[in-house]
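Below is one structure, written out as structure tokens; the observations come after it.
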Amino acid sequence: MGTTQDGSGRTPAATKTATSPQEGPAVGAPRERINHMPGAGTARAEAISAGRHEMLHDTLRKEIKSLAERGLKRPRIGADALCEALLLQGVDVFFGFPGGVLLPLYDVLGDYPELRHILVRHEQGAAHAADGYARASGKTGVCLGTSGPGATNLVTGIGNAMLDSVPMVALTGNVVSSLLGKDAFQEIDITGITLPCSKHNYLVRDPNDIPRVIAEAFHIASTGRPGPVHVDMTKDALMGVCTAEHPDTLDLPGFKPNLDGHFRQIKLAAQEIARSKRPVILAGHGVLIADATAELKELADKAQIPVVHTLLGVGAMDETDPLSFGFVGMHGWKHANKAIQAADLLIALGMRFDDRVTGHVPTFAPFARIIHVDVDPAEIGKNVAVEVPIVGDVKRVLKALLPQVEAVAPEARAAYLAEIAQWRDESEKTPWHGSGAWRNGQLSADFVVCAIGEASGHDATIVADVGQNQMWAARYAGFRRPNSHISSGGLGTMGFGLPAAMGAAIGRPDKETWAIVGDGGLQMTSQELMTLVQDHIPVKLALLDNRKLGMIRQWQELVYAGNYHSSELLGPDWLKLAEAYGVPGFRATTPDEVDAAIAAARAVDGPALVHFLIAEQQNVFPMMPAGKGLSDLLEEQFEEPKQ
Amino acid sequence: MTPTTPAGPAPAHTAPPARLMPGKGEAHRHVLVAIVMNKPGVLNRVASLMRARNFNIETLAVSHTDQPEVSRMTITLRGDDVAIEQAAKQLYRLIDVLKVQDVTYDPIVEHEIALIKVRADERSRAQVLTIAEMHKAKVVDLATESLIVEATGTEAEVDALISLLRGFGIKELVRSGTVVMSRGTGSIEEAVKR
């Protein structure tokens, strides 16, 4: 061991070939070290050696520091280019969690105080927060995670944004590029993992690619049908000197979304509307994404067409509007489903005929011809065959369509609208527990959600988790403002509520933010309560605690013959938990305590939690059983379920 | 079990016909040409998308084009017209895909190359050679116990030759997958020339 090497053969200088075993070292002579590096002596082996060494010693960073210590201006590195690029894209806040390979970025982040970094407690929270931020504000959300587990923790949030078409840029660090594919510490093929669940992804190995890639990522994420774009950057890309300027133009020959609908198709649509006697508009998330709520109302008013929504389309039209009839689908309003089933023309705007909306497709809207407007051509004819497809941005298509639509006098459609309004009056009565008490006097969830909507003047951003709470929120909170309803529709991600509300509160600081969550979902991401406190994010949590995985229990009761398994759920003492995090907590166990608890939470300057101890066995009705159609709804039976 | 209450509306029109489900038509072989950016991972993106969308690729041939930054893929797969249109539209969603064309019904030249190592000794060699000759196939290697036949043609033509040679014993078989080009002066790549 007489050499000056550091003991592992890491040094690039160790280029001597291994001693062959036959001619072993003579006894007593200093043994020559064996270099175990495959291909030792080659440039590639040296780069790998340097990478491993650098993972342990951070030599490059020291070099930068030492330059600074010598009074020289700090060179611009990839991480600087990233911060500049984010600022150029108008990012003022992002959600992240540091890690080894991200340290070069966190080293320079302090030099960009206008870029607010919110330290989450789990990367999934960062991704959902970026998602909630994007949905509430209409801007592109940004989240950040380190290589390996940090990146894989982001994946659920990226998938969630993908299925709900939310503009998001997810940034991850990766190991030094020479170690890619070596199973280095915290290395995983994250671009391979996000490939099928992102709109596009990049692996950046060169600091000079960062300005271009970030510009492209934001463009792709927010243009056409939005979606998450994942940018994976190696540590050397973040640390290396970057001389590239930010691009003025983008060269993406394969990305040219078609935003204007074809004029002939739009003309056909106008003719269909003129011919129809029982038209229904089905407004989806695309209406909100395209900011086409004014055009939607104009079309509905002009041709006197009732509007129903998909779950994510809730809020596209003020629910108090006489032409607005609530949302459709598995747990949608019975009258809205009936309107679809009895329509002779369905005008589907910015939606994708999800199975939760259509049910059994052969029985979906059986009398209706369908006009389908969507910006993504792949959605046309994917789930349902349609008569008039229009590929384009909903706002632009409606603007072109409106002058061609014949105005219909309200009297001409009065009988039709009155019929749907009558269905509504009936269907609003059946599952509603107006007294606040469900069956044996326990607190009823629909009543709680309704009270929150009213207390906040129907102007708050209301973020739901997933499950029964999500359906109660969508049905009873009462949405009057676009983007005031945020829900994980496509992926149905439990644990979405709290972190997404965190992002929504930051995205729309001018609006009150409520998260309506269940005890199951909150236990998945409750660690973000600490983030709310640390960053003083004023989210009000309404915890609908039924001590159950409610939707699982509901299906087990109704579909699996009451065979309850794993739907019983223990929870912590929620008020103690809130107290431990420093979040003021309140509790309501009876209907008459609800208003006071909500008022107390609203009076708190900062985050607050209200623990609503709701009925354990309350179900969401109506319900379309899987495999059935919109006409086969189960409704609440007013008798105790058999246990 | 809780009794169910079917909540059907009472529409006054005709009896409802079943709504069409896309992709339930008759499946047959389609040929797609995809012009893509020659970027790392683009093959993975295409293959991953086809798998994720439940399409089964039968053959896939990839190569550069005359433009170094552009590659061309020829994909054959089975499905009804609606399903294949859906596959093409899904491919278009990939940022690196420039153009997708279903050339199944277009006038095209279609070829694949196959190398077939056939057992052929003194007794059977003459017969194998005759069959190869009649299929305009070449013998590119000759050994005492076997020979290699190089065949080009459409998938069906190559299939026909292989089935004739199978009786002699095929020791090894490799096929390149179909490549196609449109007949006439038109070019599939025209739209993406830069």
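Identifiers in this document derive from the order of the structure tokens: chains are assigned A, B, ..., residues are numbered from 1 separately in each chain, and ligands are numbered from 1 in order of occurrence.
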
Check: which chain A residues lie within 8 Å of chain B using only C-alpha atoms, as a PyMOL selection string:
chain A and resi 195-196+199-200+252-255+334+338+341-342+361-367+377-378+381-385+557-558+561-562+631-635+637+641-642

If we count only C-alpha atoms and set the cut-off at 10 Å, which residues sit around His28 of chain B, ignoring sequence neighbours fewer than 2 positions away in its own chain? Please answer as a PyMOL selection string.
chain B and resi 25-26+30+77-81+84+104

Since we have the selection now, will you write its residues out, keeping C-alpha atoms, as a compact mmCIF listing (two decimals), in the first residue's frame?
# COMPACT_ATOMS: atom_id res chain seq x y z
CA GLY B 25 -64.82 -3.48 -36.64
CA GLU B 26 -63.02 -6.18 -38.58
CA HIS B 30 -52.28 -2.04 -41.68
CA LEU B 77 -50.01 -3.92 -37.05
CA ARG B 78 -53.46 -5.45 -36.99
CA GLY B 79 -56.68 -3.70 -36.10
CA ASP B 80 -59.82 -2.19 -37.57
CA ASP B 81 -59.63 1.14 -39.41
CA ILE B 84 -55.45 2.20 -36.45
CA THR B 104 -52.58 0.48 -46.29

Quick one: residues within 12 Å of Asn546 of chain A, only C-alpha atoms counted, chain neighbours fewer than 3 positions away excluded, as a PDB file with N, CA and C atoms, in the first residue's frame?
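Generated file (around.pdb):
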ATOM      1  N   GLN A 442     -76.848  11.279  13.000  1.00  0.00           N
ATOM      2  CA  GLN A 442     -75.425  11.591  12.849  1.00  0.00           C
ATOM      3  C   GLN A 442     -75.250  12.686  11.806  1.00  0.00           C
ATOM      4  N   LEU A 443     -74.098  13.353  11.884  1.00  0.00           N
ATOM      5  CA  LEU A 443     -73.829  14.480  10.998  1.00  0.00           C
ATOM      6  C   LEU A 443     -73.743  13.998   9.549  1.00  0.00           C
ATOM      7  N   SER A 444     -74.421  14.736   8.669  1.00  0.00           N
ATOM      8  CA  SER A 444     -74.491  14.347   7.269  1.00  0.00           C
ATOM      9  C   SER A 444     -73.491  15.162   6.455  1.00  0.00           C
ATOM     10  N   ALA A 445     -72.717  14.451   5.609  1.00  0.00           N
ATOM     11  CA  ALA A 445     -71.613  15.097   4.895  1.00  0.00           C
ATOM     12  C   ALA A 445     -72.097  16.150   3.905  1.00  0.00           C
ATOM     13  N   GLY A 467     -62.725  10.257  -3.495  1.00  0.00           N
ATOM     14  CA  GLY A 467     -63.634   9.337  -2.819  1.00  0.00           C
ATOM     15  C   GLY A 467     -64.974  10.009  -2.589  1.00  0.00           C
ATOM     16  N   GLN A 468     -65.647   9.603  -1.523  1.00  0.00           N
ATOM     17  CA  GLN A 468     -66.969  10.171  -1.241  1.00  0.00           C
ATOM     18  C   GLN A 468     -66.885  11.679  -1.044  1.00  0.00           C
ATOM     19  N   ASN A 469     -65.838  12.135  -0.312  1.00  0.00           N
ATOM     20  CA  ASN A 469     -65.704  13.572  -0.046  1.00  0.00           C
ATOM     21  C   ASN A 469     -65.651  14.370  -1.342  1.00  0.00           C
ATOM     22  N   VAL A 517     -61.446  16.979   2.555  1.00  0.00           N
ATOM     23  CA  VAL A 517     -60.723  15.712   2.493  1.00  0.00           C
ATOM     24  C   VAL A 517     -61.379  14.681   3.403  1.00  0.00           C
ATOM     25  N   GLY A 518     -61.107  13.428   3.096  1.00  0.00           N
ATOM     26  CA  GLY A 518     -61.575  12.354   3.952  1.00  0.00           C
ATOM     27  C   GLY A 518     -60.461  11.913   4.890  1.00  0.00           C
ATOM     28  N   ASP A 519     -60.811  11.081   5.846  1.00  0.00           N
ATOM     29  CA  ASP A 519     -59.779  10.653   6.796  1.00  0.00           C
ATOM     30  C   ASP A 519     -58.791   9.696   6.138  1.00  0.00           C
ATOM     31  N   GLY A 520     -59.210   8.990   5.080  1.00  0.00           N
ATOM     32  CA  GLY A 520     -58.274   8.113   4.373  1.00  0.00           C
ATOM     33  C   GLY A 520     -57.256   8.911   3.580  1.00  0.00           C
ATOM     34  N   GLY A 521     -57.735   9.855   2.789  1.00  0.00           N
ATOM     35  CA  GLY A 521     -56.845  10.652   1.942  1.00  0.00           C
ATOM     36  C   GLY A 521     -55.903  11.515   2.752  1.00  0.00           C
ATOM     37  N   LEU A 543     -62.143  18.210   7.290  1.00  0.00           N
ATOM     38  CA  LEU A 543     -61.926  16.762   7.334  1.00  0.00           C
ATOM     39  C   LEU A 543     -63.263  16.071   7.576  1.00  0.00           C
ATOM     40  N   LEU A 549     -62.790   4.003   4.813  1.00  0.00           N
ATOM     41  CA  LEU A 549     -62.511   4.339   3.431  1.00  0.00           C
ATOM     42  C   LEU A 549     -63.886   4.333   2.766  1.00  0.00           C
ATOM     43  N   GLY A 550     -64.510   5.513   2.756  1.00  0.00           N
ATOM     44  CA  GLY A 550     -65.944   5.585   2.502  1.00  0.00           C
ATOM     45  C   GLY A 550     -66.377   5.014   1.175  1.00  0.00           C
ATOM     46  N   MET A 551     -65.658   5.352   0.097  1.00  0.00           N
ATOM     47  CA  MET A 551     -66.109   4.886  -1.208  1.00  0.00           C
ATOM     48  C   MET A 551     -65.894   3.385  -1.355  1.00  0.00           C
ATOM     49  N   ARG A 553     -66.084   1.307   1.189  1.00  0.00           N
ATOM     50  CA  ARG A 553     -67.168   0.749   1.994  1.00  0.00           C
ATOM     51  C   ARG A 553     -68.484   0.778   1.220  1.00  0.00           C
ATOM     52  N   GLN A 554     -68.711   1.899   0.491  1.00  0.00           N
ATOM     53  CA  GLN A 554     -69.946   2.038  -0.276  1.00  0.00           C
ATOM     54  C   GLN A 554     -70.051   0.943  -1.342  1.00  0.00           C
ATOM     55  N   SER A 567     -61.982  -1.705   4.839  1.00  0.00           N
ATOM     56  CA  SER A 567     -62.521  -0.367   4.672  1.00  0.00           C
ATOM     57  C   SER A 567     -62.703   0.335   6.017  1.00  0.00           C
ATOM     58  N   GLU A 568     -62.509  -0.407   7.098  1.00  0.00           N
ATOM     59  CA  GLU A 568     -62.476   0.197   8.434  1.00  0.00           C
ATOM     60  C   GLU A 568     -61.127   0.870   8.594  1.00  0.00           C
ATOM     61  N   LEU A 569     -61.126   2.095   9.065  1.00  0.00           N
ATOM     62  CA  LEU A 569     -59.868   2.825   9.087  1.00  0.00           C
ATOM     63  C   LEU A 569     -59.706   3.549  10.402  1.00  0.00           C
ATOM     64  N   LEU A 570     -58.650   3.212  11.116  1.00  0.00           N
ATOM     65  CA  LEU A 570     -58.334   3.970  12.318  1.00  0.00           C
ATOM     66  C   LEU A 570     -57.663   5.271  11.922  1.00  0.00           C
ATOM     67  N   GLY A 571     -57.961   6.301  12.646  1.00  0.00           N
ATOM     68  CA  GLY A 571     -57.264   7.561  12.417  1.00  0.00           C
ATOM     69  C   GLY A 571     -56.699   8.061  13.723  1.00  0.00           C
ATOM     70  N   THR A 589     -69.557  17.706  15.705  1.00  0.00           N
ATOM     71  CA  THR A 589     -70.080  16.342  15.695  1.00  0.00           C
ATOM     72  C   THR A 589     -71.588  16.314  15.484  1.00  0.00           C
ATOM     73  N   HIS A 611     -62.562  19.279  12.138  1.00  0.00           N
ATOM     74  CA  HIS A 611     -62.800  17.841  12.165  1.00  0.00           C
ATOM     75  C   HIS A 611     -64.301  17.607  12.243  1.00  0.00           C
ATOM     76  N   PHE A 612     -64.899  17.187  11.141  1.00  0.00           N
ATOM     77  CA  PHE A 612     -66.330  16.883  11.113  1.00  0.00           C
ATOM     78  C   PHE A 612     -66.497  15.382  11.312  1.00  0.00           C
ATOM     79  N   LEU A 613     -67.099  15.025  12.417  1.00  0.00           N
ATOM     80  CA  LEU A 613     -67.325  13.616  12.696  1.00  0.00           C
ATOM     81  C   LEU A 613     -68.639  13.210  12.028  1.00  0.00           C
ATOM     82  N   ILE A 614     -68.537  12.740  10.797  1.00  0.00           N
ATOM     83  CA  ILE A 614     -69.760  12.483  10.030  1.00  0.00           C
ATOM     84  C   ILE A 614     -70.220  11.042  10.202  1.00  0.00           C
ATOM     85  N   ALA A 615     -71.423  10.777   9.673  1.00  0.00           N
ATOM     86  CA  ALA A 615     -72.000   9.436   9.766  1.00  0.00           C
ATOM     87  C   ALA A 615     -71.077   8.419   9.114  1.00  0.00           C
ATOM     88  N   GLU A 616     -71.004   7.221   9.732  1.00  0.00           N
ATOM     89  CA  GLU A 616     -70.054   6.233   9.225  1.00  0.00           C
ATOM     90  C   GLU A 616     -70.542   5.532   7.968  1.00  0.00           C
ATOM     91  N   GLN A 617     -71.879   5.418   7.836  1.00  0.00           N
ATOM     92  CA  GLN A 617     -72.386   4.565   6.757  1.00  0.00           C
ATOM     93  C   GLN A 617     -73.091   5.340   5.657  1.00  0.00           C
ATOM     94  N   GLN A 618     -72.902   6.649   5.646  1.00  0.00           N
ATOM     95  CA  GLN A 618     -73.576   7.427   4.606  1.00  0.00           C
ATOM     96  C   GLN A 618     -72.910   7.176   3.254  1.00  0.00           C
ATOM     97  N   ASN A 619     -73.729   6.993   2.231  1.00  0.00           N
ATOM     98  CA  ASN A 619     -73.218   6.768   0.882  1.00  0.00           C
ATOM     99  C   ASN A 619     -73.517   7.963   0.005  1.00  0.00           C
TER     100      ASN A 619
END

Just the strand (DSSP E) stuff from segment 185-225 of chain A, please, per backbone DSSP, written as a list in words.
His200, Asn201, Tyr202, Leu203 and Val204 of chain A

Go ahead and compute the interatomic distance for atom CA of Arg439 of chain A and atom CA of Ala588 of chain A, in Å to one decimal.
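Computing the Euclidean distance for atom CA of Arg439 of chain A and atom CA of Ala588 of chain A yields 17.4 Å.
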
Can you pull out the residues contacting segment 79-95 of chain A? Cut-off 6 Å, using only C-alpha atoms, and skip same-chain residues under 2 positions away; I want them as a PyMOL selection string.
chain A and resi 76-77+105+115-118+126+142-143+211+238

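The space separating atom CA of Ala294 of chain A from atom CA of Arg369 of chain A comes to 24.7 Å.
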
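Omitting Leu575 of chain A and its sequence neighbours fewer than 6 positions away, and counting only C-alpha atoms, the residues within 10 Å are Tyr581, Val583, Pro584, Gly585, Phe586, Arg587, Leu609, Val610 and His611 of chain A.
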
Taken to one decimal, the atom CA of Asn54 of chain B-atom CA of Leu349 of chain A distance is 26.6 Å

From segment 48-175 of chain A, collect each residue whose DSSP state is alpha helix (DSSP H) and return the set as a ChimeraX atom specification.
/A:48-57,59-69,78-88,103-109,123-137,149-163
